[in-house]
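Scroll down for the structure; my scribbles are underneath it.
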Amino acid sequence: MRLYTHKEALAGGGLVVLAIIIGAAGNALGWALFGAALLGLVHQHRVLANFARWARQPLRRPHLGNGGLQQAADSLRWSLLRSRRRVGNALRYLVRIRGVTEALPDAAVLIDGDGDIEAFNQASGSLLHLSRQDMGGNLGALLRHPEVVSLLKQRVPDATIEIGSPFAEGQRLELRRVNVAADRDLILARDVTHLNRLLSMRQDFVANVSHELRTPLTVVVGYLEAIEEESMDEATLRHLVGKLASPTRRMRALVDDLLMLTRLESSPNPKPEDLTPIDVKELVDRVVDEVAGLTTKQHRIERRMRSDLRVLGIEKELHSACSNLITNAVKYSPQGGSIDITWSSNGGGALFEVRDQGMGIPPEHLSRLTERFYRVDLAGSRVRGGTGLGLAIVKHVLKRHNTQLQVESEVGEGSRFYCRFNSDQLQPHSPAPIEVENPAPALRRDATAS
Ligand code: ADP
């Protein structure tokens, strides 16, 4: 880039020539040249003053009055504008990245090679209790956990540890070290308490199913081996084959319950068009007949049913829930016990209730009753033919019908299992009196496994 343009060089040269001519004509060459130099200096001063003014706000267009300097200032201005745009873009990008890291549910902490904190996101506050004062502090020293200290020391790429949170009892944290630059690492921490619980629930579930199936299967295999190995007359054979019925029924009940539960858990919630008005009175009558066919226990089953109240639901699911509750009432009540089943209007909605005067449930078990395979008395439940899945099924059915199973119980006094439906879950009806039926006929065969 030239300091002067052609025009400026010509003008400068012309001024000198003019000064020489004028100076020679007037016999004052020195003065003339001095005058020309002075004019040149004044011009340069103006250019420099313009430059200084422009330099204070270099993003404005420069008007310097000097071609070379003007060009230099122009290109400086353009490169400034370009860098400003680049910095602006980088800043916007940073703000976006920051927004993303702030929104992360996991903690992200940037540390240097010594484990000192350089930056962290919002979730680090709740998960790792980091605050502004901790900036620059050492993460290992702040968390005071030997495994964290060794994670920070390790140079293993993508190393991961799981620790009990030093801040919240029972909380499990997974910390992962990710290398992001030569001397920079990101420590990502997330709460894995829920995930761990799910994993252990899955393990428990598989172990429970295997165990529940293995017991009757062992019985079946035992009888089959006896039949295979020993020669026996037809009567003995029939007797032994008869022994296979109970464990086989038990396995089928378990598989049926498992399939039902899996279907309930994996199906999307029913849409309004899937629901039909269910005659709960008719449904309960049917269930009582079915249960009566399975037990020899003598029970008084009293029904107080509103025949006009119909709940909008899925018949098969409500049948299963109802059947489990009534079967339990029979199973866990002694011979001759009373069972009351009520379907009544309740504060604009409706109440379904199964109440027995059976053995009752100790209070510490109440909150866990609907867990899969949870039993108050494992042996007792098995003897009574229980799978440990009945109340889990009831819970899911009711959840899919926007209501909740409630339990009240007192040891030695009995139990009350009930749920409420809102008015919008009922088919519009015309009021009718409560029907009280005579006690159901004595129940016959026993549902217990042999
Ligand atoms: P199960 O097949 O063992 O009956 P459930 O899921 O139906 O499994 O019930 C879970 C546990 O709740 C039962 O094992 C039993 O201990 C208890 N339980 C359920 N209903 C009653 C009841 N009406 N009275 C007393 N205990 C009950």
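We name chains A, B, ... following the order of the structure tokens; residues begin at 1 in each chain, and ligands are numbered from 1 as shown.
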Exercise for the section: Quick one: everything within 12 Å of stretch 376-383 of chain A, counting only C-alpha atoms, minus sequence neighbours fewer than 6 positions away in the same chain. Send it as number ranges by chain. Expected result: A: 208, 212-213, 215-216, 246-247, 250-251, 253-254, 327-328, 331-332, 359-370, 389-390, 411, 446-450
Self-check item: Within 9 Å of stretch 168-181 of chain A using only C-alpha atoms, minus same-chain residues under 2 positions, as a list of chain:residue names
Solution: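 Contacts, with the query itself left out: A:Leu110, A:Leu127, A:Val148, A:Leu151, A:Leu152, A:Val156, A:Pro157, A:Asp158, A:Ala159, A:Thr160, A:Ile161, A:Glu162, A:Ile163, A:Gly164, A:Ser165, A:Pro166, A:Asp183, A:Arg184, A:Asp185, A:Leu186, A:Ile187, A:Leu188, A:Ala189, A:Arg190, A:Asp191, A:Val192, A:Thr193, A:His194, A:Asn196.
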Would you list the contacts of stretch 81-89 of chain A as a list of chain:residue names, taking every protein, DNA or RNA residue within 10 Å and counting only C-alpha atoms, but skipping same-chain residues closer than 5 positions in sequence? A:Pro58, A:Leu59, A:Arg60, A:Ser75, A:Leu76, A:Leu94, A:Val95
Saved selection, atoms kept: N, CA and C atoms, as a PDB file, in the first residue's frame:
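Writing done, so here's result.pdb:
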ATOM      1  N   PRO A  58     -13.308   3.707  15.644  1.00  0.00           N
ATOM      2  CA  PRO A  58     -12.769   3.181  14.387  1.00  0.00           C
ATOM      3  C   PRO A  58     -13.783   2.409  13.543  1.00  0.00           C
ATOM      4  N   LEU A  59     -15.020   2.219  14.083  1.00  0.00           N
ATOM      5  CA  LEU A  59     -15.995   1.487  13.268  1.00  0.00           C
ATOM      6  C   LEU A  59     -16.754   2.414  12.318  1.00  0.00           C
ATOM      7  N   ARG A  60     -16.554   3.796  12.520  1.00  0.00           N
ATOM      8  CA  ARG A  60     -17.172   4.768  11.579  1.00  0.00           C
ATOM      9  C   ARG A  60     -16.354   4.810  10.309  1.00  0.00           C
ATOM     10  N   SER A  75      -9.143  -0.394   5.547  1.00  0.00           N
ATOM     11  CA  SER A  75      -8.970  -1.847   5.701  1.00  0.00           C
ATOM     12  C   SER A  75      -8.936  -2.236   7.189  1.00  0.00           C
ATOM     13  N   LEU A  76      -8.385  -1.303   8.029  1.00  0.00           N
ATOM     14  CA  LEU A  76      -8.417  -1.566   9.472  1.00  0.00           C
ATOM     15  C   LEU A  76      -9.861  -1.649   9.956  1.00  0.00           C
ATOM     16  N   LEU A  94     -21.559 -19.101  22.573  1.00  0.00           N
ATOM     17  CA  LEU A  94     -21.259 -19.395  23.986  1.00  0.00           C
ATOM     18  C   LEU A  94     -22.511 -19.316  24.846  1.00  0.00           C
ATOM     19  N   VAL A  95     -23.313 -18.261  24.565  1.00  0.00           N
ATOM     20  CA  VAL A  95     -24.542 -18.084  25.353  1.00  0.00           C
ATOM     21  C   VAL A  95     -25.461 -19.298  25.148  1.00  0.00           C
TER      22      VAL A  95
END
- Message: Residues near A:Gln404, anyone? I mean within 9 Å using only C-alpha atoms, not counting same-chain ones fewer than 4 positions away, as a VMD selection string.
- Response: chain A and resid 395 to 396 398 to 399 418 to 421
Pairwise distance, atom CA of A:Gly336 with atom CA of A:Val394, equals 25.4 Å
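For the choices A:Ala49, A:Val17, A:Ile393, A:Ile22, the atom-to-atom distance to A:Glu265 is smallest for A:Ile393 when using only C-alpha atoms.
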